[in-house]
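S.K.: Sharing protein.cif here; it has mmCIF, C-alpha atoms (C1' of nucleotides).
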data_target
loop_
_atom_site.label_atom_id
_atom_site.label_comp_id
_atom_site.auth_asym_id
_atom_site.auth_seq_id
_atom_site.Cartn_x
_atom_site.Cartn_y
_atom_site.Cartn_z
CA MET H 1 82.65 85.19 126.77
CA LYS H 2 85.32 86.65 124.50
CA LYS H 3 88.03 84.16 125.39
CA GLN H 4 85.79 81.32 124.33
CA LEU H 5 86.26 82.27 120.69
CA LEU H 6 89.93 81.40 120.92
CA ILE H 7 89.23 78.18 122.82
CA ASP H 8 86.78 77.15 120.11
CA HIS H 9 89.35 78.06 117.48
CA ILE H 10 91.98 75.82 119.05
CA SER H 11 89.48 73.03 119.68
CA ARG H 12 88.80 72.87 115.99
CA HIS H 13 92.32 71.49 115.58
CA VAL H 14 93.02 69.50 118.74
CA MET H 15 91.27 68.11 121.84
CA LEU H 16 91.62 70.13 125.04
CA SER H 17 90.87 68.90 128.57
CA LYS H 18 88.97 71.14 130.99
CA ASN H 19 92.25 71.74 132.72
CA ASP H 20 93.92 72.78 129.51
CA VAL H 21 91.12 75.19 128.77
CA SER H 22 91.27 76.97 132.09
CA LEU H 23 95.05 77.10 131.93
CA ILE H 24 94.98 78.73 128.52
CA ARG H 25 92.28 81.17 129.61
CA SER H 26 94.40 82.24 132.56
CA PHE H 27 97.12 83.47 130.21
CA LEU H 28 94.89 85.50 127.91
CA LYS H 29 94.36 89.23 128.26
CA LEU H 30 91.50 91.01 126.55
CA LYS H 31 92.25 94.39 125.02
CA LYS H 32 90.05 96.91 123.28
CA VAL H 33 91.64 99.04 120.60
CA ARG H 34 90.30 101.98 118.66
CA ARG H 35 90.44 102.55 114.91
CA ARG H 36 93.96 103.52 113.81
CA GLN H 37 95.44 102.60 117.17
CA ILE H 38 98.91 101.18 116.63
CA LEU H 39 99.77 97.89 118.33
CA LEU H 40 103.22 97.25 116.92
CA GLU H 41 105.78 99.51 115.28
CA GLU H 42 108.82 98.74 113.20
CA THR H 43 111.96 98.11 115.31
CA GLU H 44 109.81 97.31 118.35
CA ILE H 45 110.02 93.77 119.73
CA GLN H 46 106.67 92.03 119.70
CA LYS H 47 105.96 90.35 123.02
CA ASN H 48 102.37 89.26 122.46
CA GLY H 49 100.59 87.41 119.71
CA PHE H 50 97.28 89.02 118.72
CA PHE H 51 94.08 87.02 118.26
CA VAL H 52 91.21 89.08 116.90
CA VAL H 53 87.83 88.69 118.63
CA SER H 54 85.97 91.45 116.82
CA GLY H 55 86.84 94.21 114.38
CA CYS H 56 89.88 93.99 112.15
CA LEU H 57 93.64 94.55 112.34
CA LYS H 58 96.18 94.87 109.57
CA SER H 59 99.95 94.41 109.36
CA TYR H 60 101.92 96.55 106.92
CA THR H 61 105.23 98.11 106.03
CA ILE H 62 105.90 101.75 105.25
CA GLU H 63 107.99 102.41 102.14
CA LYS H 64 110.45 105.26 101.55
CA ASN H 65 107.75 107.40 99.94
CA GLY H 66 105.46 106.92 102.96
CA PHE H 67 103.22 104.43 101.20
CA GLU H 68 101.59 101.76 103.41
CA ARG H 69 101.92 98.25 101.99
CA VAL H 70 99.40 95.88 103.63
CA VAL H 71 100.79 92.42 104.31
CA GLN H 72 97.84 90.84 106.08
CA PHE H 73 94.37 91.54 107.39
CA ALA H 74 92.97 89.77 110.44
CA SER H 75 89.31 89.86 111.37
CA SER H 76 87.41 87.81 113.95
CA GLY H 77 89.04 84.43 114.53
CA TRP H 78 92.44 85.21 113.00
CA TRP H 79 95.91 85.54 114.49
CA ILE H 80 98.19 88.34 113.44
CA GLY H 81 101.75 89.35 114.28
CA ASP H 82 105.27 89.77 113.04
CA MET H 83 106.39 86.16 113.11
CA PHE H 84 110.10 86.95 113.00
CA SER H 85 109.86 89.32 115.92
CA LEU H 86 107.60 87.11 118.01
CA LYS H 87 109.65 83.96 117.53
CA ASN H 88 113.15 85.34 117.88
CA GLN H 89 112.41 88.44 119.96
CA GLU H 90 114.07 90.60 117.33
CA PRO H 91 112.96 94.07 116.17
CA ALA H 92 109.85 93.88 114.03
CA SER H 93 109.81 94.87 110.38
CA LEU H 94 106.03 95.30 110.33
CA TYR H 95 103.54 97.73 111.77
CA ILE H 96 100.21 96.51 113.11
CA ASP H 97 97.19 98.71 113.71
CA ALA H 98 93.42 98.56 113.93
CA VAL H 99 91.38 99.07 110.76
CA PHE H 100 88.22 99.44 112.87
CA ASP H 101 87.55 99.55 116.61
CA SER H 102 88.41 96.02 117.71
CA GLU H 103 88.71 93.60 120.58
CA ILE H 104 91.72 91.34 120.70
CA LEU H 105 93.25 88.71 122.97
CA LEU H 106 96.91 88.96 123.89
CA LEU H 107 98.99 85.84 124.43
CA SER H 108 102.59 86.43 125.36
CA HIS H 109 105.45 84.69 123.66
CA VAL H 110 106.75 83.47 127.04
CA ASP H 111 103.41 82.11 128.21
CA LEU H 112 102.87 80.35 124.93
CA ASN H 113 106.20 78.60 125.21
CA ASN H 114 105.32 77.52 128.73
CA LEU H 115 101.99 76.21 127.49
CA TYR H 116 103.80 74.15 124.85
CA GLU H 117 105.72 72.37 127.61
CA MET H 118 102.53 71.55 129.46
CA MET H 119 100.40 70.66 126.42
CA PRO H 120 101.92 68.88 123.45
CA ASN H 121 98.47 69.15 121.92
CA LEU H 122 98.79 72.90 121.76
CA GLU H 123 102.07 72.60 119.97
CA ARG H 124 100.32 70.51 117.36
CA CYS H 125 97.67 73.15 116.93
CA PHE H 126 100.24 75.84 116.28
CA ARG H 127 102.21 73.58 113.97
CA LEU H 128 99.08 73.16 111.88
CA LEU H 129 98.38 76.88 111.94
CA ALA H 130 101.91 77.71 110.84
CA GLU H 131 101.76 75.15 108.06
CA ASN H 132 98.49 76.57 106.79
CA ALA H 133 99.83 80.08 106.98
CA PHE H 134 102.90 79.06 105.03
CA ALA H 135 100.90 77.31 102.34
CA ALA H 136 98.60 80.32 101.95
CA SER H 137 101.58 82.63 101.79
CA GLN H 138 103.23 80.55 99.05
CA ARG H 139 100.04 80.70 97.06
CA ARG H 140 99.91 84.45 97.45
CA ILE H 141 103.45 84.81 96.11
CA ILE H 142 102.49 82.92 92.99
CA GLU H 143 99.37 85.00 92.52
CA THR H 144 101.25 88.23 93.05
CA VAL H 145 103.74 87.57 90.30
CA SER H 146 101.62 85.68 87.80
CA LEU H 147 98.22 87.40 87.86
CA THR H 148 97.24 90.83 86.57
CA ALA H 149 95.94 93.51 88.91
CA LEU H 150 92.34 92.77 87.92
CA GLU H 151 92.76 89.05 88.51
CA ARG H 152 94.31 89.66 91.92
CA TYR H 153 91.38 91.90 92.79
CA GLN H 154 88.83 89.26 91.81
CA CYS H 155 90.81 86.66 93.67
CA PHE H 156 90.73 88.71 96.85
CA LYS H 157 87.00 89.32 96.52
CA LYS H 158 86.32 85.62 96.10
CA ARG H 159 88.61 84.44 98.86
CA TYR H 160 87.69 86.99 101.54
CA PRO H 161 84.12 88.08 100.75
CA SER H 162 83.41 89.36 104.25
CA LEU H 163 86.59 91.43 104.43
CA PHE H 164 85.92 92.65 100.93
CA GLU H 165 82.65 94.27 101.92
CA LEU H 166 84.04 96.06 104.94
CA LEU H 167 87.41 97.34 103.80
CA PRO H 168 87.94 100.66 102.04
CA GLN H 169 89.07 100.28 98.43
CA LYS H 170 92.36 101.89 99.27
CA LEU H 171 93.40 99.09 101.61
CA ILE H 172 92.43 96.39 99.14
CA ALA H 173 94.57 98.13 96.53
CA SER H 174 97.48 98.15 98.93
CA TYR H 175 97.03 94.44 99.72
CA ILE H 176 96.96 93.37 96.09
CA GLY H 177 99.95 95.55 95.33
CA ILE H 178 98.62 98.44 93.23
CA THR H 179 97.85 102.14 93.73
CA PRO H 180 94.34 103.27 94.73
CA GLU H 181 94.14 105.30 91.50
CA PHE H 182 94.78 102.28 89.35
CA LEU H 183 92.23 100.16 91.20
CA SER H 184 89.70 102.91 90.64
CA ARG H 185 90.39 102.79 86.89
CA ILE H 186 90.12 99.02 86.81
CA LEU H 187 86.69 99.17 88.42
CA ARG H 188 85.49 101.87 86.06
CA ASP H 189 86.54 99.85 83.02
CA LEU H 190 84.86 96.81 84.53
CA THR H 191 81.42 98.42 84.72
CA ASN H 192 81.19 100.37 81.45
CA MET S 193 125.87 58.47 105.84
CA LYS S 194 123.27 60.42 103.88
CA LYS S 195 120.50 60.10 106.44
CA GLN S 196 122.74 61.67 109.05
CA LEU S 197 122.37 65.03 107.35
CA LEU S 198 118.67 65.07 108.19
CA ILE S 199 119.28 63.86 111.74
CA ASP S 200 121.77 66.68 112.24
CA HIS S 201 119.28 69.11 110.75
CA ILE S 202 116.58 68.09 113.23
CA SER S 203 119.03 67.99 116.13
CA ARG S 204 119.78 71.63 115.56
CA HIS S 205 116.26 72.39 116.73
CA VAL S 206 115.44 69.72 119.33
CA MET S 207 117.10 66.93 121.34
CA LEU S 208 116.70 63.40 120.03
CA SER S 209 117.35 60.18 121.96
CA LYS S 210 119.24 57.32 120.31
CA ASN S 211 115.93 55.57 120.02
CA ASP S 212 114.34 58.53 118.29
CA VAL S 213 117.19 58.69 115.84
CA SER S 214 117.00 55.07 114.77
CA LEU S 215 113.22 55.29 114.55
CA ILE S 216 113.39 58.29 112.26
CA ARG S 217 116.10 56.68 110.14
CA SER S 218 113.94 53.61 109.65
CA PHE S 219 111.30 55.71 107.92
CA LEU S 220 113.61 57.49 105.51
CA LYS S 221 114.19 56.38 101.95
CA LEU S 222 117.10 57.63 99.89
CA LYS S 223 116.43 58.45 96.26
CA LYS S 224 118.71 59.59 93.47
CA VAL S 225 117.21 61.81 90.81
CA ARG S 226 118.63 63.10 87.56
CA ARG S 227 118.61 66.63 86.23
CA ARG S 228 115.12 67.59 84.97
CA GLN S 229 113.55 64.51 86.56
CA ILE S 230 110.07 65.41 87.76
CA LEU S 231 109.12 64.44 91.32
CA LEU S 232 105.70 66.01 91.58
CA GLU S 233 103.22 67.21 88.99
CA GLU S 234 100.23 69.49 89.26
CA THR S 235 97.02 67.61 90.24
CA GLU S 236 99.09 64.75 91.68
CA ILE S 237 98.78 64.11 95.43
CA GLN S 238 102.11 64.43 97.20
CA LYS S 239 102.70 61.52 99.54
CA ASN S 240 106.31 62.22 100.55
CA GLY S 241 108.11 65.25 101.83
CA PHE S 242 111.48 65.81 100.11
CA PHE S 243 114.65 66.61 102.05
CA VAL S 244 117.59 67.45 99.82
CA VAL S 245 120.92 65.76 100.60
CA SER S 246 122.86 66.93 97.56
CA GLY S 247 122.08 68.76 94.35
CA CYS S 248 119.11 71.06 94.03
CA LEU S 249 115.35 70.84 93.47
CA LYS S 250 112.87 73.55 92.55
CA SER S 251 109.12 73.93 92.89
CA TYR S 252 107.24 75.92 90.25
CA THR S 253 103.96 76.55 88.48
CA ILE S 254 103.36 76.59 84.75
CA GLU S 255 101.38 79.55 83.43
CA LYS S 256 98.99 79.61 80.47
CA ASN S 257 101.75 80.71 78.11
CA GLY S 258 103.94 77.79 79.23
CA PHE S 259 106.19 79.97 81.35
CA GLU S 260 107.72 78.29 84.44
CA ARG S 261 107.39 80.39 87.58
CA VAL S 262 109.82 79.23 90.29
CA VAL S 263 108.37 79.29 93.79
CA GLN S 264 111.26 77.82 95.75
CA PHE S 265 114.72 76.31 95.40
CA ALA S 266 116.01 73.66 97.79
CA SER S 267 119.66 72.66 97.95
CA SER S 268 121.44 70.52 100.51
CA GLY S 269 119.76 70.67 103.94
CA TRP S 270 116.40 72.07 102.78
CA TRP S 271 112.90 70.65 102.69
CA ILE S 272 110.68 71.13 99.69
CA GLY S 273 107.14 70.17 98.82
CA ASP S 274 103.64 71.38 98.06
CA MET S 275 102.48 72.07 101.60
CA PHE S 276 98.77 72.09 100.74
CA SER S 277 98.97 68.76 99.01
CA LEU S 278 101.16 67.14 101.62
CA LYS S 279 99.07 68.26 104.59
CA ASN S 280 95.60 67.71 103.25
CA GLN S 281 96.31 65.05 100.65
CA GLU S 282 94.75 67.20 97.97
CA PRO S 283 95.93 67.61 94.35
CA ALA S 284 99.08 69.68 94.16
CA SER S 285 99.23 73.05 92.46
CA LEU S 286 103.01 72.93 92.09
CA TYR S 287 105.51 70.97 90.05
CA ILE S 288 108.78 69.84 91.59
CA ASP S 289 111.82 68.74 89.61
CA ALA S 290 115.60 68.48 89.87
CA VAL S 291 117.71 71.43 88.75
CA PHE S 292 120.81 69.21 88.89
CA ASP S 293 121.39 65.52 89.56
CA SER S 294 120.45 65.19 93.23
CA GLU S 295 120.06 62.88 96.18
CA ILE S 296 117.02 63.28 98.37
CA LEU S 297 115.41 61.64 101.37
CA LEU S 298 111.73 60.75 101.26
CA LEU S 299 109.58 60.93 104.37
CA SER S 300 105.99 59.95 103.92
CA HIS S 301 103.12 62.02 105.21
CA VAL S 302 101.74 59.01 107.07
CA ASP S 303 105.04 58.06 108.71
CA LEU S 304 105.63 61.63 109.77
CA ASN S 305 102.27 61.77 111.48
CA ASN S 306 103.04 58.55 113.27
CA LEU S 307 106.38 59.95 114.37
CA TYR S 308 104.60 62.99 115.82
CA GLU S 309 102.58 60.69 118.08
CA MET S 310 105.72 59.01 119.33
CA MET S 311 107.91 62.12 119.64
CA PRO S 312 106.43 65.42 120.73
CA ASN S 313 109.92 66.79 120.21
CA LEU S 314 109.68 66.19 116.52
CA GLU S 315 106.42 68.05 116.38
CA ARG S 316 108.20 71.01 117.93
CA CYS S 317 110.90 70.81 115.30
CA PHE S 318 108.38 70.97 112.49
CA ARG S 319 106.44 73.74 114.16
CA LEU S 320 109.62 75.80 114.23
CA LEU S 321 110.37 74.95 110.61
CA ALA S 322 106.89 75.92 109.50
CA GLU S 323 107.05 79.18 111.44
CA ASN S 324 110.37 80.06 109.88
CA ALA S 325 109.10 79.19 106.44
CA PHE S 326 106.05 81.37 106.99
CA ALA S 327 108.10 84.32 108.20
CA ALA S 328 110.45 84.04 105.22
CA SER S 329 107.50 83.80 102.87
CA GLN S 330 105.90 86.92 104.32
CA ARG S 331 109.15 88.77 103.84
CA ARG S 332 109.32 87.65 100.25
CA ILE S 333 105.84 88.97 99.54
CA ILE S 334 106.85 92.38 100.79
CA GLU S 335 110.01 92.35 98.72
CA THR S 336 108.18 91.20 95.63
CA VAL S 337 105.78 94.11 95.65
CA SER S 338 107.93 96.88 97.06
CA LEU S 339 111.34 96.38 95.44
CA THR S 340 112.42 96.92 91.85
CA ALA S 341 113.70 94.07 89.72
CA LEU S 342 117.31 95.10 90.30
CA GLU S 343 116.82 95.26 94.05
CA ARG S 344 115.18 91.85 94.11
CA TYR S 345 118.09 90.46 92.15
CA GLN S 346 120.65 91.88 94.57
CA CYS S 347 118.58 90.65 97.48
CA PHE S 348 118.59 87.12 96.09
CA LYS S 349 122.33 87.21 95.49
CA LYS S 350 123.00 88.35 99.04
CA ARG S 351 120.62 85.94 100.72
CA TYR S 352 121.49 82.79 98.78
CA PRO S 353 125.10 83.25 97.62
CA SER S 354 125.73 79.55 97.06
CA LEU S 355 122.56 79.03 95.02
CA PHE S 356 123.33 82.21 93.15
CA GLU S 357 126.59 80.82 91.79
CA LEU S 358 125.15 77.54 90.62
CA LEU S 359 121.82 78.49 89.10
CA PRO S 360 121.36 79.53 85.47
CA GLN S 361 120.34 83.16 85.10
CA LYS S 362 117.04 82.10 83.64
CA LEU S 363 115.92 80.43 86.85
CA ILE S 364 116.92 83.36 89.01
CA ALA S 365 114.88 85.62 86.74
CA SER S 366 111.90 83.33 87.16
CA TYR S 367 112.29 83.30 90.95
CA ILE S 368 112.46 87.08 91.29
CA GLY S 369 109.51 87.46 88.95
CA ILE S 370 110.92 88.91 85.72
CA THR S 371 111.72 87.66 82.21
CA PRO S 372 115.21 86.34 81.33
CA GLU S 373 115.51 89.10 78.72
CA PHE S 374 114.94 91.82 81.24
CA LEU S 375 117.41 90.36 83.72
CA SER S 376 119.98 90.28 80.95
CA ARG S 377 119.42 93.99 80.30
CA ILE S 378 119.66 94.83 83.99
CA LEU S 379 123.04 93.11 84.22
CA ARG S 380 124.34 94.84 81.11
CA ASP S 381 123.38 98.25 82.47
CA LEU S 382 124.99 97.34 85.79
CA THR S 383 128.41 96.69 84.28
CA ASN S 384 128.76 99.49 81.72
"C1'" DC Q 385 128.70 67.39 63.71
"C1'" DG Q 386 124.12 69.35 64.65
"C1'" DC Q 387 120.64 70.24 67.85
"C1'" DG Q 388 118.74 72.43 71.82
"C1'" DA Q 389 119.26 75.37 75.78
"C1'" DC Q 390 120.98 79.67 77.14
"C1'" DG Q 391 122.13 84.48 77.08
"C1'" DT Q 392 121.99 88.84 74.41
"C1'" DT Q 393 120.17 92.71 71.89
"C1'" DG Q 394 116.79 95.73 69.33
"C1'" DA Q 395 112.15 97.50 68.44
"C1'" DT Q 396 107.77 98.02 70.07
"C1'" DT Q 397 104.00 97.75 73.30
"C1'" DT Q 398 101.64 97.83 77.70
"C1'" DG Q 399 100.40 97.63 82.49
"C1'" DC Q 400 100.83 100.34 86.04
"C1'" DC Q 401 102.70 104.55 88.47
"C1'" DT Q 402 103.14 109.59 89.40
"C1'" DC Q 403 101.43 113.93 90.03
"C1'" DA Q 404 97.80 117.03 90.21
"C1'" DA Q 405 93.16 118.47 90.61
"C1'" DC Q 406 88.40 117.89 92.06
"C1'" DG Q 407 83.76 116.27 94.35
"C1'" DA Q 408 81.73 113.65 98.05
"C1'" DT Q 409 81.72 111.99 102.49
"C1'" DT Q 410 83.12 111.69 107.20
"C1'" DG Q 411 84.28 113.40 111.42
"C1'" DT Q 412 85.57 116.72 114.65
"C1'" DG Q 413 86.51 120.82 117.41
"C1'" DG Q 414 84.78 125.34 118.42
"C1'" DC L 415 75.20 122.46 115.13
"C1'" DC L 416 77.85 124.32 111.92
"C1'" DA L 417 82.45 124.98 109.61
"C1'" DC L 418 86.42 123.29 108.37
"C1'" DA L 419 89.78 119.66 107.86
"C1'" DA L 420 90.79 115.15 106.65
"C1'" DT L 421 89.99 111.10 104.10
"C1'" DC L 422 88.36 108.74 100.19
"C1'" DG L 423 87.34 107.80 95.51
"C1'" DT L 424 87.68 109.58 90.74
"C1'" DT L 425 89.70 111.38 86.53
"C1'" DG L 426 93.26 113.22 83.24
"C1'" DA L 427 97.95 113.69 81.30
"C1'" DG L 428 102.25 111.98 81.00
"C1'" DG L 429 106.09 108.77 82.08
"C1'" DC L 430 108.56 104.59 83.12
"C1'" DA L 431 109.49 99.73 84.23
"C1'" DA L 432 109.01 95.61 82.39
"C1'" DA L 433 106.84 92.42 78.83
"C1'" DT L 434 106.63 90.73 74.14
"C1'" DC L 435 108.35 89.25 69.84
"C1'" DA L 436 111.99 88.24 66.94
"C1'" DA L 437 116.65 87.48 65.61
"C1'" DC L 438 121.29 85.97 66.49
"C1'" DG L 439 125.80 84.05 68.71
"C1'" DT L 440 127.54 80.64 71.74
"C1'" DC L 441 128.21 76.79 74.13
"C1'" DG L 442 127.71 71.98 75.88
"C1'" DC L 443 126.12 67.66 74.83
"C1'" DG L 444 124.14 63.43 72.57
#
Take the structure in the file and write it out as structure tokens.

M.R.:
Amino acid sequence: MKKQLLIDHISRHVMLSKNDVSLIRSFLKLKKVRRRQILLEETEIQKNGFFVVSGCLKSYTIEKNGFERVVQFASSGWWIGDMFSLKNQEPASLYIDAVFDSEILLLSHVDLNNLYEMMPNLERCFRLLAENAFAASQRRIIETVSLTALERYQCFKKRYPSLFELLPQKLIASYIGITPEFLSRILRDLTN
Amino acid sequence: MKKQLLIDHISRHVMLSKNDVSLIRSFLKLKKVRRRQILLEETEIQKNGFFVVSGCLKSYTIEKNGFERVVQFASSGWWIGDMFSLKNQEPASLYIDAVFDSEILLLSHVDLNNLYEMMPNLERCFRLLAENAFAASQRRIIETVSLTALERYQCFKKRYPSLFELLPQKLIASYIGITPEFLSRILRDLTN
DNA sequence: CGCGACGTTGATTTGCCTCAACGATTGTGG
DNA sequence: CCACAATCGTTGAGGCAAATCAACGTCGCG
């Protein structure tokens, strides 16, 4: 069943009792979303964390000129959200929408905090997740400022091969911080 | 006493019993470091997390051309480290050194994990810290790619006013991802 | 004192963006 | 099922933000 994917995901980090498992399951809600469907908008307060079962979501900002700047992709087995908004229940600064038709699990901020009280193990799991996310994010900052556009492209391809195959070029360009036109030129020059 | 600063820091997030406090204190080691003293080098495995009591540390990478790229500053009351290395006991990809003469507290990876077993509260504290660090890091990625050099400079000044006053211009330039020469030009144009 | 680190400035180059136009593909409503 | 719109990738011309390289003044410090 769909919820099992999340249980497996958590179990990879910490041990869960049968009780824990059914408790967690009871708080999850499955949701199907269609391509381009928006799940979170800027200034909105994010109540639920999103865990992707199938398909793919992305978080992004919209700049003055209307340009979408992708912050993160999340395909099967990944969490996504606006951490500031979720944690502090403040207005979000990110948008989140579906890149393809997707299935996701919702876990509310309130329920998660209740689960922490009941299961110190779960708190450990989310500590580890946050630490990993932070480390990856630090690495991305370094890469963003110290690599060229081509190097960032190759880096993305190597690190997320499955995403790389599915995503339109345009979104990859946005993620690595260049315009679609310039990515197109890079690829042309690469194969001449 | 110096260790109290860290206790206060933790107490801002979670409640600690007297027992907890003395247990934590027993694991801390105070260390004085001099300006430019290196605390962590690339490929080294980081055993201790660093909590700054006074002075200022920075983490950075060194690029092919020898250029130092600052990833993070940490002044009084901040943690700093190579999260990947610390968590997984893998070779670090960052250097850490002292910007000024500093005093820091060392907390070993192993001791911290033992403390987690004894104090679920502490695990909560570090979950919150990691989540905050991740959120801040995400925000920095957005700013890095979507703001101009001048805007990033003003952003830094506003967000870290105390650091801003102390740090040499060169290091601020490195942090916001430009050359010292270009920052110099920006400032000249700003005050004409 | 003399050296090294820092900030400044000029000249030149370059990586990447902007704007505009054009096929190819996708998808969608009539 | 076709026609038309929307989206995507591509290409060209031109422009700008920021890097590079080199030279020079200044200051703090050993």

S.K.: Based on only C-alpha atoms (C1' of nucleotides), which of the residues in chain S come within 12 Å of chain L? I want them as a PyMOL selection string.

M.R.: chain S and resi 257+339-342+369-375+377-378

S.K.: Near chain H, meaning an atom within 10 Å, which residues of chain Q appear when counting only C-alpha atoms (C1' of nucleotides)? Write them as a PDB file with C-alpha atoms (C1' of nucleotides), in the coordinates of the input.

M.R.:
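Written file, part19.pdb:
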ATOM      1  C1'  DG Q 399     100.400  97.630  82.490  1.00  0.00           C
ATOM      2  C1'  DC Q 400     100.830 100.340  86.040  1.00  0.00           C
ATOM      3  C1'  DC Q 401     102.700 104.550  88.470  1.00  0.00           C
TER       4       DC Q 401
END

S.K.: Report the distance between CA of Ser54 (chain H) and CA of Gly77 (chain H) in Å, rounded to one decimal place.

M.R.: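 About the pair CA of Ser54 (chain H) and CA of Gly77 (chain H): they are 8.0 Å apart.
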
S.K.: On this file, the PyMOL selection byres ((chain S) within 10 of (chain H)) gives some set of residues; write that set as a PyMOL selection string.

M.R.: chain S and resi 252-256+259+261-264+274-277+279-280+285-286+308-309+311-313+315-334+336-339+366-370

S.K.: Please expand the PyMOL selection byres ((chain H and resi 163) around 9) into the concrete residues it hits in this file, giving the result as an NGL selection string.

M.R.: :H and (56 or 73-75 or 157 or 160-162 or 164-167)
